[in-house]
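As provided, structure_18.pdb (PDB, C-alpha atoms, pLDDT in the B column) reads as follows.
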```pdb
ATOM      1  CA  MET A  22     -26.416  73.420 -26.405  1.00 46.00           C
ATOM      2  CA  GLN A  23     -26.476  75.978 -29.182  1.00 68.00           C
ATOM      3  CA  ARG A  24     -23.093  76.966 -30.558  1.00 69.00           C
ATOM      4  CA  HIS A  25     -21.954  80.237 -32.058  1.00 76.00           C
ATOM      5  CA  ARG A  26     -19.498  79.120 -34.697  1.00 84.00           C
ATOM      6  CA  HIS A  27     -19.251  80.238 -38.307  1.00 85.00           C
ATOM      7  CA  GLY A  28     -21.434  77.355 -39.540  1.00 86.00           C
ATOM      8  CA  GLU A  29     -24.323  78.330 -37.285  1.00 89.00           C
ATOM      9  CA  PHE A  30     -23.842  81.972 -38.249  1.00 86.00           C
ATOM     10  CA  ILE A  31     -24.024  81.112 -41.959  1.00 91.00           C
ATOM     11  CA  ARG A  32     -27.227  79.108 -41.337  1.00 91.00           C
ATOM     12  CA  PHE A  33     -28.654  82.175 -39.583  1.00 88.00           C
ATOM     13  CA  LEU A  34     -27.631  84.411 -42.513  1.00 91.00           C
ATOM     14  CA  ASN A  35     -29.299  82.003 -44.958  1.00 93.00           C
ATOM     15  CA  ALA A  36     -32.502  82.079 -42.911  1.00 92.00           C
ATOM     16  CA  VAL A  37     -32.528  85.890 -42.945  1.00 91.00           C
ATOM     17  CA  GLU A  38     -31.671  85.913 -46.666  1.00 93.00           C
ATOM     18  CA  THR A  39     -34.732  83.745 -47.322  1.00 92.00           C
ATOM     19  CA  ALA A  40     -36.995  85.894 -45.136  1.00 92.00           C
ATOM     20  CA  VAL A  41     -36.015  89.342 -46.501  1.00 91.00           C
ATOM     21  CA  PRO A  42     -37.749  90.266 -49.776  1.00 91.00           C
ATOM     22  CA  ALA A  43     -35.584  90.375 -52.900  1.00 90.00           C
ATOM     23  CA  GLY A  44     -34.303  93.818 -53.782  1.00 88.00           C
ATOM     24  CA  LYS A  45     -33.965  94.980 -50.175  1.00 90.00           C
ATOM     25  CA  LEU A  46     -30.530  95.886 -48.854  1.00 90.00           C
ATOM     26  CA  VAL A  47     -29.521  94.127 -45.657  1.00 90.00           C
ATOM     27  CA  HIS A  48     -27.213  95.874 -43.183  1.00 88.00           C
ATOM     28  CA  VAL A  49     -25.958  93.858 -40.242  1.00 84.00           C
ATOM     29  CA  ILE A  50     -24.240  95.355 -37.199  1.00 80.00           C
ATOM     30  CA  LEU A  51     -21.876  92.846 -35.621  1.00 79.00           C
ATOM     31  CA  ASP A  52     -19.327  92.667 -32.878  1.00 73.00           C
ATOM     32  CA  ASN A  53     -15.816  91.480 -33.660  1.00 69.00           C
ATOM     33  CA  TYR A  54     -16.455  87.859 -32.716  1.00 71.00           C
ATOM     34  CA  GLY A  55     -14.194  85.546 -34.736  1.00 73.00           C
ATOM     35  CA  SER A  56     -17.003  83.555 -36.353  1.00 79.00           C
ATOM     36  CA  HIS A  57     -18.358  86.757 -37.929  1.00 79.00           C
ATOM     37  CA  LYS A  58     -15.065  87.229 -39.823  1.00 82.00           C
ATOM     38  CA  HIS A  59     -14.364  83.593 -40.698  1.00 87.00           C
ATOM     39  CA  PRO A  60     -13.203  83.044 -44.316  1.00 90.00           C
ATOM     40  CA  ARG A  61     -16.372  81.070 -45.123  1.00 92.00           C
ATOM     41  CA  VAL A  62     -18.522  83.923 -43.777  1.00 89.00           C
ATOM     42  CA  ARG A  63     -16.532  86.396 -45.907  1.00 90.00           C
ATOM     43  CA  ALA A  64     -17.038  84.128 -48.933  1.00 92.00           C
ATOM     44  CA  TRP A  65     -20.784  84.022 -48.173  1.00 91.00           C
ATOM     45  CA  LEU A  66     -20.813  87.828 -47.993  1.00 90.00           C
ATOM     46  CA  ALA A  67     -19.021  88.083 -51.351  1.00 91.00           C
ATOM     47  CA  ARG A  68     -21.767  85.934 -52.931  1.00 93.00           C
ATOM     48  CA  HIS A  69     -24.539  88.133 -51.472  1.00 93.00           C
ATOM     49  CA  PRO A  70     -23.935  91.702 -52.697  1.00 91.00           C
ATOM     50  CA  ARG A  71     -27.073  93.170 -51.093  1.00 92.00           C
ATOM     51  CA  TRP A  72     -25.594  92.434 -47.662  1.00 90.00           C
ATOM     52  CA  SER A  73     -23.258  94.741 -45.760  1.00 88.00           C
ATOM     53  CA  PHE A  74     -21.566  93.919 -42.469  1.00 84.00           C
ATOM     54  CA  HIS A  75     -20.715  96.780 -40.134  1.00 81.00           C
ATOM     55  CA  PHE A  76     -18.507  95.893 -37.192  1.00 77.00           C
ATOM     56  CA  THR A  77     -18.611  97.730 -33.905  1.00 73.00           C
ATOM     57  CA  PRO A  78     -15.252  99.223 -32.941  1.00 68.00           C
ATOM     58  CA  THR A  79     -13.287  96.981 -30.608  1.00 64.00           C
ATOM     59  CA  SER A  80     -13.354  98.116 -26.979  1.00 56.00           C
ATOM     60  CA  ALA A  81     -16.284 100.424 -27.739  1.00 55.00           C
ATOM     61  CA  SER A  82     -19.854 100.276 -26.530  1.00 54.00           C
ATOM     62  CA  TRP A  83     -21.739 102.541 -28.883  1.00 54.00           C
ATOM     63  CA  LEU A  84     -24.766 100.268 -28.889  1.00 60.00           C
ATOM     64  CA  ASN A  85     -25.829 101.642 -25.519  1.00 60.00           C
ATOM     65  CA  ALA A  86     -29.526 101.087 -26.110  1.00 66.00           C
ATOM     66  CA  VAL A  87     -28.995  97.391 -26.740  1.00 74.00           C
ATOM     67  CA  GLU A  88     -26.591  97.060 -23.832  1.00 76.00           C
ATOM     68  CA  GLY A  89     -29.120  98.782 -21.561  1.00 77.00           C
ATOM     69  CA  PHE A  90     -31.838  96.387 -22.702  1.00 82.00           C
ATOM     70  CA  PHE A  91     -29.680  93.322 -22.001  1.00 85.00           C
ATOM     71  CA  SER A  92     -28.708  94.759 -18.639  1.00 86.00           C
ATOM     72  CA  ALA A  93     -32.380  95.182 -17.692  1.00 88.00           C
ATOM     73  CA  LEU A  94     -33.182  91.685 -18.998  1.00 91.00           C
ATOM     74  CA  THR A  95     -30.408  90.242 -16.845  1.00 91.00           C
ATOM     75  CA  ARG A  96     -31.428  92.150 -13.694  1.00 92.00           C
ATOM     76  CA  ARG A  97     -35.191  91.721 -14.013  1.00 91.00           C
ATOM     77  CA  ARG A  98     -35.550  88.214 -15.404  1.00 90.00           C
ATOM     78  CA  LEU A  99     -32.356  86.172 -15.502  1.00 91.00           C
ATOM     79  CA  GLN A 100     -30.160  87.053 -12.521  1.00 89.00           C
ATOM     80  CA  ARG A 101     -32.033  85.112  -9.841  1.00 86.00           C
ATOM     81  CA  GLY A 102     -33.824  82.742 -12.191  1.00 89.00           C
ATOM     82  CA  THR A 103     -33.563  78.983 -12.233  1.00 91.00           C
ATOM     83  CA  PHE A 104     -33.617  77.375 -15.654  1.00 92.00           C
ATOM     84  CA  THR A 105     -33.733  73.667 -16.405  1.00 93.00           C
ATOM     85  CA  GLY A 106     -32.063  74.096 -19.796  1.00 91.00           C
ATOM     86  CA  VAL A 107     -31.586  76.291 -22.846  1.00 90.00           C
ATOM     87  CA  VAL A 108     -35.218  76.000 -23.922  1.00 92.00           C
ATOM     88  CA  ASP A 109     -36.404  77.118 -20.467  1.00 93.00           C
ATOM     89  CA  LEU A 110     -34.001  80.085 -20.636  1.00 92.00           C
ATOM     90  CA  GLN A 111     -35.258  81.007 -24.118  1.00 93.00           C
ATOM     91  CA  VAL A 112     -38.864  80.908 -22.876  1.00 93.00           C
ATOM     92  CA  ALA A 113     -37.971  83.306 -20.041  1.00 93.00           C
ATOM     93  CA  ILE A 114     -36.196  85.680 -22.448  1.00 93.00           C
ATOM     94  CA  ASN A 115     -39.094  85.614 -24.928  1.00 94.00           C
ATOM     95  CA  ARG A 116     -41.587  86.267 -22.108  1.00 94.00           C
ATOM     96  CA  TYR A 117     -39.551  89.269 -20.937  1.00 93.00           C
ATOM     97  CA  ILE A 118     -39.399  90.659 -24.488  1.00 92.00           C
ATOM     98  CA  ALA A 119     -43.180  90.269 -24.910  1.00 94.00           C
ATOM     99  CA  GLU A 120     -43.804  92.022 -21.574  1.00 93.00           C
ATOM    100  CA  HIS A 121     -41.317  94.766 -22.426  1.00 91.00           C
ATOM    101  CA  ASN A 122     -42.951  95.356 -25.809  1.00 90.00           C
ATOM    102  CA  ARG A 123     -46.389  95.909 -24.237  1.00 92.00           C
ATOM    103  CA  SER A 124     -45.278  99.372 -23.121  1.00 90.00           C
ATOM    104  CA  PRO A 125     -42.228 100.303 -25.208  1.00 83.00           C
ATOM    105  CA  LYS A 126     -40.348 103.514 -24.572  1.00 79.00           C
ATOM    106  CA  PRO A 127     -38.067 105.110 -27.161  1.00 73.00           C
ATOM    107  CA  PHE A 128     -34.369 105.364 -26.460  1.00 65.00           C
ATOM    108  CA  ILE A 129     -33.431 109.031 -26.032  1.00 67.00           C
ATOM    109  CA  TRP A 130     -29.933 109.966 -27.170  1.00 63.00           C
ATOM    110  CA  THR A 131     -28.278 112.273 -24.683  1.00 72.00           C
ATOM    111  CA  LYS A 132     -25.383 113.258 -26.943  1.00 72.00           C
ATOM    112  CA  PRO A 133     -25.949 115.743 -29.735  1.00 76.00           C
ATOM    113  CA  ALA A 134     -25.647 114.291 -33.242  1.00 72.00           C
ATOM    114  CA  SER A 135     -22.601 116.473 -33.962  1.00 80.00           C
ATOM    115  CA  ALA A 136     -20.634 114.816 -31.124  1.00 77.00           C
ATOM    116  CA  ILE A 137     -21.518 111.359 -32.438  1.00 71.00           C
ATOM    117  CA  PHE A 138     -20.515 112.277 -35.999  1.00 75.00           C
ATOM    118  CA  ASP A 139     -17.238 113.772 -34.758  1.00 78.00           C
ATOM    119  CA  ALA A 140     -16.433 110.542 -32.895  1.00 74.00           C
ATOM    120  CA  LEU A 141     -17.317 108.462 -35.967  1.00 71.00           C
ATOM    121  CA  SER A 142     -15.021 110.518 -38.179  1.00 75.00           C
ATOM    122  CA  ARG A 143     -12.093 109.742 -35.833  1.00 74.00           C
ATOM    123  CA  ALA A 144     -12.800 106.003 -35.639  1.00 65.00           C
ATOM    124  CA  PRO A 145     -11.091 103.524 -37.963  1.00 62.00           C
ATOM    125  CA  GLU A 146     -13.360 102.139 -40.686  1.00 57.00           C
ATOM    126  CA  PRO A 147     -15.241  99.224 -39.061  1.00 49.00           C
ATOM    127  CA  SER A 148     -17.114  97.913 -42.093  1.00 47.00           C
ATOM    128  CA  VAL A 149     -16.313  95.079 -44.457  1.00 44.00           C
ATOM    129  CA  ARG A 150     -18.348  96.702 -47.213  1.00 42.00           C
ATOM    130  CA  VAL A 151     -19.478 100.322 -46.977  1.00 40.00           C
ATOM    131  CA  ARG A 152     -21.289 102.475 -49.467  1.00 39.00           C
ATOM    132  CA  ALA A 153     -19.232 105.550 -50.267  1.00 39.00           C
ATOM    133  CA  LEU A 154     -21.004 108.877 -50.335  1.00 35.00           C
ATOM    134  CA  ALA A 155     -21.648 111.117 -53.295  1.00 36.00           C
ATOM    135  CA  GLY A 156     -22.228 114.719 -52.292  1.00 38.00           C
ATOM    136  CA  CYS A 157     -23.442 114.076 -48.761  1.00 39.00           C
ATOM    137  CA  TRP A 158     -23.070 116.817 -46.153  1.00 36.00           C
ATOM    138  CA  LYS A 159     -20.948 114.585 -43.913  1.00 37.00           C
ATOM    139  CA  GLN A 160     -18.447 112.594 -45.989  1.00 38.00           C
ATOM    140  CA  SER A 161     -17.226 110.479 -43.044  1.00 38.00           C
ATOM    141  CA  VAL A 162     -20.671 109.057 -42.242  1.00 40.00           C
ATOM    142  CA  VAL A 163     -22.514 106.449 -44.278  1.00 42.00           C
ATOM    143  CA  CYS A 164     -25.719 108.101 -45.445  1.00 42.00           C
ATOM    144  CA  TRP A 165     -28.312 105.737 -46.888  1.00 42.00           C
ATOM    145  CA  ASP A 166     -30.335 108.588 -48.372  1.00 42.00           C
ATOM    146  CA  CYS A 167     -27.484 109.392 -50.759  1.00 44.00           C
ATOM    147  CA  PRO A 168     -26.865 107.353 -53.891  1.00 44.00           C
ATOM    148  CA  PRO A 169     -23.904 104.990 -53.595  1.00 45.00           C
ATOM    149  CA  ALA A 170     -20.789 106.137 -55.409  1.00 43.00           C
ATOM    150  CA  GLN A 171     -19.146 102.702 -55.146  1.00 39.00           C
ATOM    151  CA  ILE A 172     -18.907  99.600 -53.042  1.00 38.00           C
ATOM    152  CA  ALA A 173     -15.699  99.689 -51.035  1.00 37.00           C
TER     153      ALA A 173
END
```

Could you spell out this file's structure in structure tokens?
Amino acid sequence: MQRHRHGEFIRFLNAVETAVPAGKLVHVILDNYGSHKHPRVRAWLARHPRWSFHFTPTSASWLNAVEGFFSALTRRRLQRGTFTGVVDLQVAINRYIAEHNRSPKPFIWTKPASAIFDALSRAPEPSVRVRALAGCWKQSVVCWDCPPAQIA
């Protein structure tokens, strides 16, 4: 059985670090699971300055597109399935993803951007490391088109 402890997470981060070309910034959106904030994970992050972790607010579900996808995956492929083990389950998930990707449809936001930015400005800072803005139109939002003023 696969585990989701800090050691496995660090192995995953190392695999991504190896796969992403040098010089590229890596931004990771995470939930508040304990292994993501473990002291060894924080030490790993400190040694890899191109990486930034952004944590979702607790008790919030702003990743609606992802949640909708997992809901559909559960209803359409997993709910009534019978799986002989983890590998069998992974095969079913990968098959669903391949079928889904044959006719992808974009996620359409139903809220105007201004409402999302207003909500973000009221939320506590969720990130471990966030680039501060220099002269951006919306100081409370991280804008990757603007040059970084500092690493917080």

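Reported to one decimal place, the separation of atom CA of A:Ala134 from atom CA of A:Phe90 is 21.7 Å.
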
- [ ] With a distance cut-off of 12 Å and all atoms listed in the file, select the neighbouring residues of A:Arg63, excluding the residue or stretch itself and same-chain residues fewer than 5 positions from it, and output the selection as a list in words.
- [x] His27, Phe30, Ile31, Leu34, Gly55, Ser56, His57, Lys58, Arg68, His69, Pro70, Trp72, Ser73, Phe74, Val149 and Arg150 of chain A

Task: Given the PyMOL selection byres ((chain A and resi 42-48) around 8), the residues it picks as a list in words - done: Thr39, Ala40, Val41, Val49, Ile50, Arg71, Trp72, Ser73, Phe74 and His75 of chain A

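You will find atom CA of A:Arg123 at 25.3 Å from atom CA of A:Val37.
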
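Atom pair atom CA of A:Phe76 / atom CA of A:Tyr54 has a distance of 9.4 Å (rounded to one decimal).
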
Kindly complete stretch 41-58 of chain A to N, CA and C atoms; the output should be written as a compact mmCIF listing (two decimals), keeping the file's coordinate frame.
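Once everything was written out, this is selection11.txt:
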```txt
# COMPACT_ATOMS: atom_id res chain seq x y z
N VAL A 41 -36.00 87.95 -46.05
CA VAL A 41 -36.02 89.34 -46.50
C VAL A 41 -36.36 89.38 -47.99
N PRO A 42 -37.35 90.20 -48.36
CA PRO A 42 -37.75 90.27 -49.78
C PRO A 42 -36.59 90.64 -50.70
N ALA A 43 -36.60 90.07 -51.90
CA ALA A 43 -35.58 90.38 -52.90
C ALA A 43 -35.59 91.87 -53.19
N GLY A 44 -34.43 92.40 -53.46
CA GLY A 44 -34.30 93.82 -53.78
C GLY A 44 -34.05 94.71 -52.59
N LYS A 45 -34.23 94.20 -51.39
CA LYS A 45 -33.97 94.98 -50.18
C LYS A 45 -32.49 94.84 -49.79
N LEU A 46 -31.89 95.94 -49.38
CA LEU A 46 -30.53 95.89 -48.85
C LEU A 46 -30.58 95.40 -47.42
N VAL A 47 -29.57 94.65 -47.01
CA VAL A 47 -29.52 94.13 -45.66
C VAL A 47 -28.23 94.61 -45.01
N HIS A 48 -28.36 95.36 -43.93
CA HIS A 48 -27.21 95.87 -43.18
C HIS A 48 -27.20 95.20 -41.82
N VAL A 49 -26.07 94.61 -41.48
CA VAL A 49 -25.96 93.86 -40.24
C VAL A 49 -24.87 94.49 -39.39
N ILE A 50 -25.22 94.82 -38.15
CA ILE A 50 -24.24 95.36 -37.20
C ILE A 50 -23.77 94.20 -36.33
N LEU A 51 -22.46 93.99 -36.31
CA LEU A 51 -21.88 92.85 -35.62
C LEU A 51 -20.77 93.28 -34.68
N ASP A 52 -20.53 92.45 -33.68
CA ASP A 52 -19.33 92.67 -32.88
C ASP A 52 -18.16 91.99 -33.60
N ASN A 53 -17.01 92.00 -33.01
CA ASN A 53 -15.82 91.48 -33.66
C ASN A 53 -15.54 90.02 -33.31
N TYR A 54 -16.58 89.28 -33.02
CA TYR A 54 -16.45 87.86 -32.72
C TYR A 54 -15.84 87.14 -33.92
N GLY A 55 -14.95 86.21 -33.67
CA GLY A 55 -14.19 85.55 -34.74
C GLY A 55 -15.06 84.86 -35.78
N SER A 56 -16.17 84.26 -35.37
CA SER A 56 -17.00 83.56 -36.35
C SER A 56 -17.64 84.52 -37.35
N HIS A 57 -17.78 85.77 -37.00
CA HIS A 57 -18.36 86.76 -37.93
C HIS A 57 -17.38 87.13 -39.04
N LYS A 58 -16.08 86.87 -38.84
CA LYS A 58 -15.06 87.23 -39.82
C LYS A 58 -14.38 86.01 -40.43
```
